[in-house]
Each structure stands twice: as C-alpha cells, then as structure tokens.
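Structure file protein.cif (mmCIF, C-alpha atoms) is printed below.
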data_work
loop_
_atom_site.group_PDB
_atom_site.id
_atom_site.type_symbol
_atom_site.label_atom_id
_atom_site.label_comp_id
_atom_site.auth_asym_id
_atom_site.auth_seq_id
_atom_site.Cartn_x
_atom_site.Cartn_y
_atom_site.Cartn_z
ATOM 1 C CA MET A 3 0.219 21.905 -20.161
ATOM 2 C CA LYS A 4 -0.555 18.215 -19.787
ATOM 3 C CA ILE A 5 -1.972 16.137 -22.628
ATOM 4 C CA VAL A 6 -4.590 13.621 -21.483
ATOM 5 C CA GLY A 7 -5.827 10.891 -23.794
ATOM 6 C CA HIS A 8 -9.645 10.872 -23.855
ATOM 7 C CA ARG A 9 -11.165 7.395 -23.461
ATOM 8 C CA GLY A 10 -7.653 6.167 -24.221
ATOM 9 C CA ALA A 11 -7.256 7.946 -27.538
ATOM 10 C CA ARG A 12 -10.654 7.589 -29.180
ATOM 11 C CA GLY A 13 -9.580 9.452 -32.298
ATOM 12 C CA LEU A 14 -6.919 6.832 -32.996
ATOM 13 C CA ALA A 15 -8.606 3.566 -31.952
ATOM 14 C CA PRO A 16 -11.987 2.392 -30.639
ATOM 15 C CA GLU A 17 -12.670 4.242 -27.394
ATOM 16 C CA ASN A 18 -12.055 2.702 -23.978
ATOM 17 C CA THR A 19 -10.211 -0.289 -25.428
ATOM 18 C CA LEU A 20 -6.710 -1.585 -24.836
ATOM 19 C CA ALA A 21 -5.910 -0.505 -28.393
ATOM 20 C CA ALA A 22 -6.939 3.066 -27.561
ATOM 21 C CA ILE A 23 -4.841 3.036 -24.413
ATOM 22 C CA SER A 24 -1.847 1.732 -26.365
ATOM 23 C CA ALA A 25 -2.348 4.437 -28.992
ATOM 24 C CA ALA A 26 -2.380 7.091 -26.265
ATOM 25 C CA LEU A 27 0.832 5.755 -24.778
ATOM 26 C CA ASP A 28 2.451 5.661 -28.218
ATOM 27 C CA ALA A 29 1.434 9.310 -28.720
ATOM 28 C CA GLY A 30 3.296 10.274 -25.558
ATOM 29 C CA VAL A 31 0.408 11.402 -23.363
ATOM 30 C CA ASP A 32 0.964 12.658 -19.841
ATOM 31 C CA GLU A 33 -2.160 10.930 -18.578
ATOM 32 C CA ILE A 34 -4.982 8.684 -19.766
ATOM 33 C CA GLU A 35 -8.708 9.071 -19.051
ATOM 34 C CA ILE A 36 -11.201 6.211 -19.241
ATOM 35 C CA ASP A 37 -14.879 5.666 -18.362
ATOM 36 C CA VAL A 38 -16.076 2.801 -16.191
ATOM 37 C CA ARG A 39 -19.373 1.075 -15.577
ATOM 38 C CA LEU A 40 -20.370 -2.092 -13.781
ATOM 39 C CA SER A 41 -21.687 -5.297 -15.279
ATOM 40 C CA LYS A 42 -24.531 -7.314 -13.783
ATOM 41 C CA ASP A 43 -22.015 -9.637 -12.126
ATOM 42 C CA GLY A 44 -19.954 -6.840 -10.624
ATOM 43 C CA VAL A 45 -17.136 -6.526 -13.176
ATOM 44 C CA VAL A 46 -15.730 -3.047 -13.838
ATOM 45 C CA VAL A 47 -15.876 -2.518 -17.582
ATOM 46 C CA LEU A 48 -14.588 0.344 -19.728
ATOM 47 C CA LEU A 49 -17.720 1.742 -21.371
ATOM 48 C CA HIS A 50 -19.023 5.273 -21.718
ATOM 49 C CA ASP A 51 -22.720 4.762 -22.415
ATOM 50 C CA ARG A 52 -25.402 3.286 -20.166
ATOM 51 C CA VAL A 53 -26.584 1.080 -23.006
ATOM 52 C CA MET A 54 -24.839 -1.004 -25.629
ATOM 53 C CA PRO A 55 -26.013 -2.909 -28.708
ATOM 54 C CA VAL A 56 -26.613 -6.597 -28.150
ATOM 55 C CA GLY A 57 -27.808 -8.152 -31.352
ATOM 56 C CA ALA A 58 -30.494 -5.884 -32.761
ATOM 57 C CA LYS A 59 -31.363 -4.293 -29.413
ATOM 58 C CA LEU A 60 -29.868 -1.784 -27.005
ATOM 59 C CA GLN A 61 -29.531 -3.095 -23.473
ATOM 60 C CA LEU A 62 -28.439 -1.548 -20.198
ATOM 61 C CA VAL A 63 -24.851 -2.416 -19.336
ATOM 62 C CA ALA A 64 -25.871 -2.890 -15.686
ATOM 63 C CA PHE A 65 -28.199 -5.722 -16.748
ATOM 64 C CA LEU A 66 -25.547 -7.597 -18.735
ATOM 65 C CA SER A 67 -22.987 -10.102 -17.486
ATOM 66 C CA LYS A 68 -19.288 -9.816 -18.279
ATOM 67 C CA ARG A 69 -19.672 -12.750 -20.650
ATOM 68 C CA SER A 70 -22.565 -11.092 -22.508
ATOM 69 C CA ILE A 71 -20.688 -7.796 -22.808
ATOM 70 C CA LYS A 72 -17.600 -9.559 -24.116
ATOM 71 C CA ALA A 73 -19.651 -11.502 -26.639
ATOM 72 C CA ALA A 74 -21.345 -8.338 -27.909
ATOM 73 C CA LYS A 75 -18.130 -6.295 -27.936
ATOM 74 C CA PRO A 76 -15.053 -8.521 -28.225
ATOM 75 C CA ASP A 77 -12.600 -5.619 -27.846
ATOM 76 C CA VAL A 78 -14.149 -4.447 -24.570
ATOM 77 C CA ALA A 79 -11.591 -3.792 -21.829
ATOM 78 C CA PHE A 80 -11.829 -4.194 -18.077
ATOM 79 C CA LEU A 81 -10.347 -1.940 -15.425
ATOM 80 C CA ASP A 82 -7.738 -4.377 -14.149
ATOM 81 C CA GLU A 83 -6.543 -4.964 -17.716
ATOM 82 C CA ALA A 84 -6.257 -1.233 -18.366
ATOM 83 C CA ILE A 85 -4.233 -0.610 -15.217
ATOM 84 C CA SER A 86 -1.930 -3.532 -15.968
ATOM 85 C CA LEU A 87 -1.343 -2.302 -19.515
ATOM 86 C CA ILE A 88 -0.496 1.230 -18.414
ATOM 87 C CA ASN A 89 1.759 -0.206 -15.712
ATOM 88 C CA ARG A 90 2.485 3.135 -14.019
ATOM 89 C CA ARG A 91 3.881 4.730 -17.186
ATOM 90 C CA VAL A 92 1.362 7.569 -16.843
ATOM 91 C CA PRO A 93 -1.405 8.308 -14.326
ATOM 92 C CA LEU A 94 -4.880 6.949 -15.031
ATOM 93 C CA MET A 95 -7.964 9.123 -14.566
ATOM 94 C CA ILE A 96 -10.906 6.825 -13.878
ATOM 95 C CA GLU A 97 -14.207 8.534 -14.635
ATOM 96 C CA VAL A 98 -16.893 6.717 -12.678
ATOM 97 C CA LYS A 99 -20.337 7.244 -14.125
ATOM 98 C CA ALA A 100 -23.256 8.416 -11.993
ATOM 99 C CA ALA A 101 -25.075 5.712 -10.017
ATOM 100 C CA VAL A 102 -22.294 3.163 -10.615
ATOM 101 C CA PRO A 103 -21.549 1.321 -7.335
ATOM 102 C CA ILE A 104 -18.056 2.340 -6.312
ATOM 103 C CA GLU A 105 -17.054 -0.702 -4.259
ATOM 104 C CA PRO A 106 -15.723 -2.846 -7.144
ATOM 105 C CA VAL A 107 -13.763 0.127 -8.505
ATOM 106 C CA VAL A 108 -12.255 0.809 -5.095
ATOM 107 C CA ALA A 109 -11.382 -2.864 -4.639
ATOM 108 C CA ILE A 110 -9.486 -3.020 -7.926
ATOM 109 C CA VAL A 111 -7.538 0.174 -7.282
ATOM 110 C CA GLN A 112 -6.715 -1.013 -3.766
ATOM 111 C CA SER A 113 -5.408 -4.307 -5.115
ATOM 112 C CA PHE A 114 -2.929 -2.413 -7.289
ATOM 113 C CA LEU A 115 -1.919 -0.162 -4.403
ATOM 114 C CA ASP A 116 -1.263 -3.301 -2.388
ATOM 115 C CA ALA A 117 0.935 -4.534 -5.244
ATOM 116 C CA GLY A 118 3.099 -1.412 -5.233
ATOM 117 C CA TRP A 119 1.212 1.179 -7.294
ATOM 118 C CA GLN A 120 1.070 4.639 -5.717
ATOM 119 C CA PRO A 121 -1.928 6.930 -5.091
ATOM 120 C CA GLN A 122 -0.592 9.422 -7.645
ATOM 121 C CA ASP A 123 -0.858 6.711 -10.315
ATOM 122 C CA PHE A 124 -4.631 7.221 -10.212
ATOM 123 C CA SER A 125 -7.327 9.842 -9.979
ATOM 124 C CA PHE A 126 -11.102 9.564 -9.733
ATOM 125 C CA GLY A 127 -13.353 11.810 -11.805
ATOM 126 C CA SER A 128 -17.098 12.130 -12.080
ATOM 127 C CA PHE A 129 -19.904 14.446 -13.115
ATOM 128 C CA SER A 130 -21.784 13.137 -10.068
ATOM 129 C CA GLN A 131 -20.889 14.817 -6.794
ATOM 130 C CA ARG A 132 -22.445 11.969 -4.835
ATOM 131 C CA THR A 133 -20.217 9.476 -6.641
ATOM 132 C CA LEU A 134 -17.132 11.615 -6.182
ATOM 133 C CA GLU A 135 -17.818 12.138 -2.478
ATOM 134 C CA ALA A 136 -18.240 8.387 -2.001
ATOM 135 C CA LEU A 137 -14.953 7.701 -3.784
ATOM 136 C CA HIS A 138 -13.162 10.345 -1.734
ATOM 137 C CA ALA A 139 -14.548 8.922 1.503
ATOM 138 C CA ALA A 140 -13.479 5.404 0.544
ATOM 139 C CA MET A 141 -10.004 6.338 -0.768
ATOM 140 C CA PRO A 142 -9.040 9.835 0.405
ATOM 141 C CA GLN A 143 -5.465 9.256 -0.753
ATOM 142 C CA ILE A 144 -6.547 9.130 -4.416
ATOM 143 C CA PRO A 145 -6.870 12.589 -6.038
ATOM 144 C CA CYS A 146 -10.301 13.612 -7.290
ATOM 145 C CA VAL A 147 -11.215 15.504 -10.458
ATOM 146 C CA VAL A 148 -14.463 17.451 -10.534
ATOM 147 C CA ILE A 149 -15.980 17.216 -14.021
ATOM 148 C CA GLU A 150 -18.572 19.808 -15.050
ATOM 149 C CA HIS A 151 -20.360 20.586 -18.295
ATOM 150 C CA PHE A 152 -20.194 24.383 -18.173
ATOM 151 C CA SER A 153 -20.368 25.942 -14.698
ATOM 152 C CA GLY A 154 -16.972 26.909 -13.356
ATOM 153 C CA ARG A 155 -18.559 28.322 -10.216
ATOM 154 C CA ARG A 156 -20.284 25.026 -9.504
ATOM 155 C CA ALA A 157 -17.051 23.125 -10.219
ATOM 156 C CA LEU A 158 -15.158 25.189 -7.654
ATOM 157 C CA ARG A 159 -17.902 24.690 -5.093
ATOM 158 C CA ARG A 160 -17.909 20.938 -5.702
ATOM 159 C CA ALA A 161 -14.125 20.794 -5.428
ATOM 160 C CA GLN A 162 -14.275 21.971 -1.838
ATOM 161 C CA GLY A 163 -16.432 18.996 -0.946
ATOM 162 C CA VAL A 164 -13.854 16.448 -2.080
ATOM 163 C CA ASP A 165 -10.706 18.343 -1.069
ATOM 164 C CA THR A 166 -9.377 18.785 -4.583
ATOM 165 C CA HIS A 167 -7.934 21.607 -6.645
ATOM 166 C CA THR A 168 -8.437 19.898 -10.002
ATOM 167 C CA ILE A 169 -11.470 20.638 -12.161
ATOM 168 C CA SER A 170 -12.365 19.752 -15.743
ATOM 169 C CA LEU A 171 -14.818 21.702 -17.906
ATOM 170 C CA ASN A 172 -16.136 21.581 -21.451
ATOM 171 C CA HIS A 173 -13.833 23.824 -23.459
ATOM 172 C CA ILE A 174 -16.778 25.263 -25.402
ATOM 173 C CA PHE A 175 -17.921 27.086 -22.265
ATOM 174 C CA LEU A 176 -14.481 27.751 -20.808
ATOM 175 C CA ARG A 177 -13.315 31.358 -20.721
ATOM 176 C CA GLN A 178 -9.764 32.606 -20.333
ATOM 177 C CA SER A 179 -10.864 34.954 -17.571
ATOM 178 C CA PHE A 180 -12.164 32.030 -15.505
ATOM 179 C CA ILE A 181 -8.966 30.047 -16.022
ATOM 180 C CA ARG A 182 -6.885 33.009 -14.820
ATOM 181 C CA LYS A 183 -9.023 33.511 -11.718
ATOM 182 C CA ALA A 184 -9.156 29.812 -10.838
ATOM 183 C CA THR A 185 -5.428 29.367 -11.414
ATOM 184 C CA HIS A 186 -4.722 32.393 -9.220
ATOM 185 C CA ARG A 187 -6.704 30.673 -6.466
ATOM 186 C CA GLY A 188 -4.565 27.546 -6.795
ATOM 187 C CA TYR A 189 -6.782 25.372 -8.989
ATOM 188 C CA ASN A 190 -5.668 23.217 -11.900
ATOM 189 C CA VAL A 191 -8.126 23.681 -14.759
ATOM 190 C CA TYR A 192 -8.460 21.033 -17.479
ATOM 191 C CA ALA A 193 -10.499 21.367 -20.675
ATOM 192 C CA TYR A 194 -12.331 18.630 -22.562
ATOM 193 C CA THR A 195 -12.551 17.594 -25.362
ATOM 194 C CA VAL A 196 -9.965 19.655 -27.232
ATOM 195 C CA ASN A 197 -8.823 18.357 -30.616
ATOM 196 C CA GLN A 198 -7.492 21.614 -32.048
ATOM 197 C CA PRO A 199 -3.999 22.624 -30.903
ATOM 198 C CA VAL A 200 -4.767 26.264 -31.749
ATOM 199 C CA ARG A 201 -7.684 26.275 -29.323
ATOM 200 C CA ALA A 202 -5.521 24.591 -26.685
ATOM 201 C CA ALA A 203 -2.788 27.198 -27.121
ATOM 202 C CA LYS A 204 -5.261 30.028 -26.483
ATOM 203 C CA LEU A 205 -6.437 28.409 -23.261
ATOM 204 C CA GLN A 206 -2.893 27.552 -22.245
ATOM 205 C CA ALA A 207 -1.980 31.219 -22.474
ATOM 206 C CA ALA A 208 -4.483 31.849 -19.676
ATOM 207 C CA GLY A 209 -2.965 29.132 -17.489
ATOM 208 C CA LEU A 210 -4.787 25.954 -18.535
ATOM 209 C CA ALA A 211 -3.244 22.976 -16.763
ATOM 210 C CA GLY A 212 -4.201 20.317 -19.300
ATOM 211 C CA VAL A 213 -6.286 19.285 -22.281
ATOM 212 C CA ILE A 214 -8.264 16.082 -22.600
ATOM 213 C CA THR A 215 -8.150 15.105 -26.255
ATOM 214 C CA ASP A 216 -9.205 12.388 -28.684
ATOM 215 C CA ARG A 217 -6.105 13.091 -30.780
ATOM 216 C CA PRO A 218 -3.037 13.344 -28.564
ATOM 217 C CA ASP A 219 -0.888 12.760 -31.643
ATOM 218 C CA LEU A 220 -1.714 16.305 -32.812
ATOM 219 C CA PHE A 221 -0.063 17.901 -29.802
ATOM 220 C CA ALA A 222 3.704 18.338 -29.958
ATOM 221 C CA LYS A 223 5.429 17.713 -26.659
ATOM 222 C CA GLU A 224 7.077 20.722 -25.079
#
Is it possible to give me this structure as structure tokens?
Amino acid sequence: MKIVGHRGARGLAPENTLAAISAALDAGVDEIEIDVRLSKDGVVVLLHDRVMPVGAKLQLVAFLSKRSIKAAKPDVAFLDEAISLINRRVPLMIEVKAAVPIEPVVAIVQSFLDAGWQPQDFSFGSFSQRTLEALHAAMPQIPCVVIEHFSGRRALRRAQGVDTHTISLNHIFLRQSFIRKATHRGYNVYAYTVNQPVRAAKLQAAGLAGVITDRPDLFAKE
C-alpha cells in the first residue's frame, strides 16, 4: 500500500508549501499530492481554496497576481518550485481544481519532461471530469487519477473516459466490498484523507492500493 502525502504533508507543516513537501519527503512517502490554481497573471500556484485572505478580506485567487498572492502568503509555493524540490524522488500527483485553465499547468509539466523528467514522475487528478479530460487530451502520456467524493460507480465510469485505472475516494464512504470488486477488475483504489493507520489497515486488507494522508509519519514503511 502506497503512502501519499496530502497537500505535501499538511499535518506536519502548512499545506501546499515547500515546507510541507519537505516534511512529506522526510517521512518517506511514496508519492506527494498537491492542489493547484492559477493566478490572474497565469502563474500556477499551490492553493486549495478558491479564495484567500488578503488583508481583512477574502479574494478570489484567480483575480490576484502572483505578487499579491506572495505578499498575502509569503510561504506560498508555485508548481515549478514544487517539482524542482521533489526532483524525481517520488511521483507528484497534481490535483487541478475545476475551471482552472490547464494550459499553464501543461506547459510547466512539459518543460520538465523536456529537461529529462519522465511521464511516470507525474499524475493529474481532479474532481472535474471536464478538467481531467482536457488534461488527458493535452498530455495522454501522463497518468490520470479520478477523484470522487463518494460514488465508486461514478468513479469507475469516469475512469473509462480518461483511460485510467486509478481512482481516489473519500474513505468515509469507501467499503471493503467495493475495493475488492474494483481491484478484481484491475483498478487501483486510493482513499483520502486517512490519518488513522488502523483504518488504513482495514482497507488495505481488502486490496487498497494507497492512502492519501496528512500524517505520513504515522505510517510505518513495509
């Protein structure tokens, strides 16, 4: 079972920062997951939410420049920085948020492929099928991860549309029976966000391929 650091390792350092990514690497993760959005001036920034505090107000990330985002959140990280820091030590799962233009993300990943990185060093994930289909069309060599809140049936249906056998579901709604059936059909099932090793062990017994966790340090390596 693979251990995937969630937003770097958000239980060990501020989420989606270089510090969180470093903490995940130090904890010995098999993979790192991050969230990306786009600034007003087209910079791919590691942020989960659509809005962020700027002074006393919340503002849409898409309406803010890179400079404004950096001023409001000095530890903010950018996609090229994250990839450079990881430096092929583990794969990076890039979760692209719904309605985020994919072109800048694709351009950055392509620049690293051109520099010697390999397609298996990356994967694209999204809750949005439209976003995932666009990413798959633009870079079919990069594996996709279908992310769903609760519906395993919908996840499997979506997976067919982007030629993937990797799906990720909220562990609260994940049943061992589904994992067994999906695994038997050749799918790799991941669970998020699992911070209790006991819960992970129960799902692993049914064939779970990986857990996405805030606290990778709690999981002993096999």
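Residue nearest Leu87 in chain A, chosen from A:Thr185, A:Gln131, A:Ser24, A:Thr195 and counting all atoms listed in the file: A:Ser24.
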### Task
Write out as a list in words each polymer residue whose atoms come within 9 Å of Pro55 in chain A, counting all atoms listed in the file; drop sequence neighbours fewer than 6 positions from it.
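Result of the neighbour search: Gln61, Leu62, Ala74 and Lys75 of chain A.
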Same residues, C-alpha atoms, saved as a PDB file, in the coordinates of the input:
ATOM      1  CA  GLN A  61     -29.531  -3.095 -23.473  1.00  0.00           C
ATOM      2  CA  LEU A  62     -28.439  -1.548 -20.198  1.00  0.00           C
ATOM      3  CA  ALA A  74     -21.345  -8.338 -27.909  1.00  0.00           C
ATOM      4  CA  LYS A  75     -18.130  -6.295 -27.936  1.00  0.00           C
TER       5      LYS A  75
END
### A:Glu135, A:Leu27, A:Ser86, A:Ile96 ranked by distance to Phe114 in chain A, top pick (using only C-alpha atoms)
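Comparing A:Glu135, A:Leu27, A:Ser86, A:Ile96 against Phe114 in chain A, the winner is A:Ser86.
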### Query
Please, what distance in Å, to one decimal, runs between CA of His167 in chain A and CA of Val107 in chain A?
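Pair CA of His167 in chain A / CA of Val107 in chain A returns 22.3 Å.
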### Message
With only C-alpha atoms as the counted atoms, please give the residues lying no more than 10 Å from Gly7 in chain A, apart from itself and same-chain residues fewer than 4 positions off, as a PyMOL selection string.
### Response
chain A and resi 11-13+22-23+25-27+29-36+94-95+195+213-219
Take the residues from that selection and write them out as a CSV table (one decimal), keeping the file's coordinate frame, keeping C-alpha atoms.
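And here's part-v1.csv as it stands now:
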chain,number,residue,atom,x,y,z
A,11,ALA,CA,-7.3,7.9,-27.5
A,12,ARG,CA,-10.7,7.6,-29.2
A,13,GLY,CA,-9.6,9.5,-32.3
A,22,ALA,CA,-6.9,3.1,-27.6
A,23,ILE,CA,-4.8,3.0,-24.4
A,25,ALA,CA,-2.3,4.4,-29.0
A,26,ALA,CA,-2.4,7.1,-26.3
A,27,LEU,CA,0.8,5.8,-24.8
A,29,ALA,CA,1.4,9.3,-28.7
A,30,GLY,CA,3.3,10.3,-25.6
A,31,VAL,CA,0.4,11.4,-23.4
A,32,ASP,CA,1.0,12.7,-19.8
A,33,GLU,CA,-2.2,10.9,-18.6
A,34,ILE,CA,-5.0,8.7,-19.8
A,35,GLU,CA,-8.7,9.1,-19.1
A,36,ILE,CA,-11.2,6.2,-19.2
A,94,LEU,CA,-4.9,6.9,-15.0
A,95,MET,CA,-8.0,9.1,-14.6
A,195,THR,CA,-12.6,17.6,-25.4
A,213,VAL,CA,-6.3,19.3,-22.3
A,214,ILE,CA,-8.3,16.1,-22.6
A,215,THR,CA,-8.2,15.1,-26.3
A,216,ASP,CA,-9.2,12.4,-28.7
A,217,ARG,CA,-6.1,13.1,-30.8
A,218,PRO,CA,-3.0,13.3,-28.6
A,219,ASP,CA,-0.9,12.8,-31.6
### Query
Written as a PyMOL selection string, what is the full residue list that the PyMOL selection byres ((chain A and resi 125-129) around 10) yields on the file shown?
chain A and resi 35-37+93-100+107-108+121-124+130-135+137-138+141+143-151+157+168-170
### Task
Check what the PyMOL selection byres ((chain A and resi 178) around 10) selects in the file above and give those residues as an NGL selection string.
:A and (176-177 or 179-184 or 204-210)
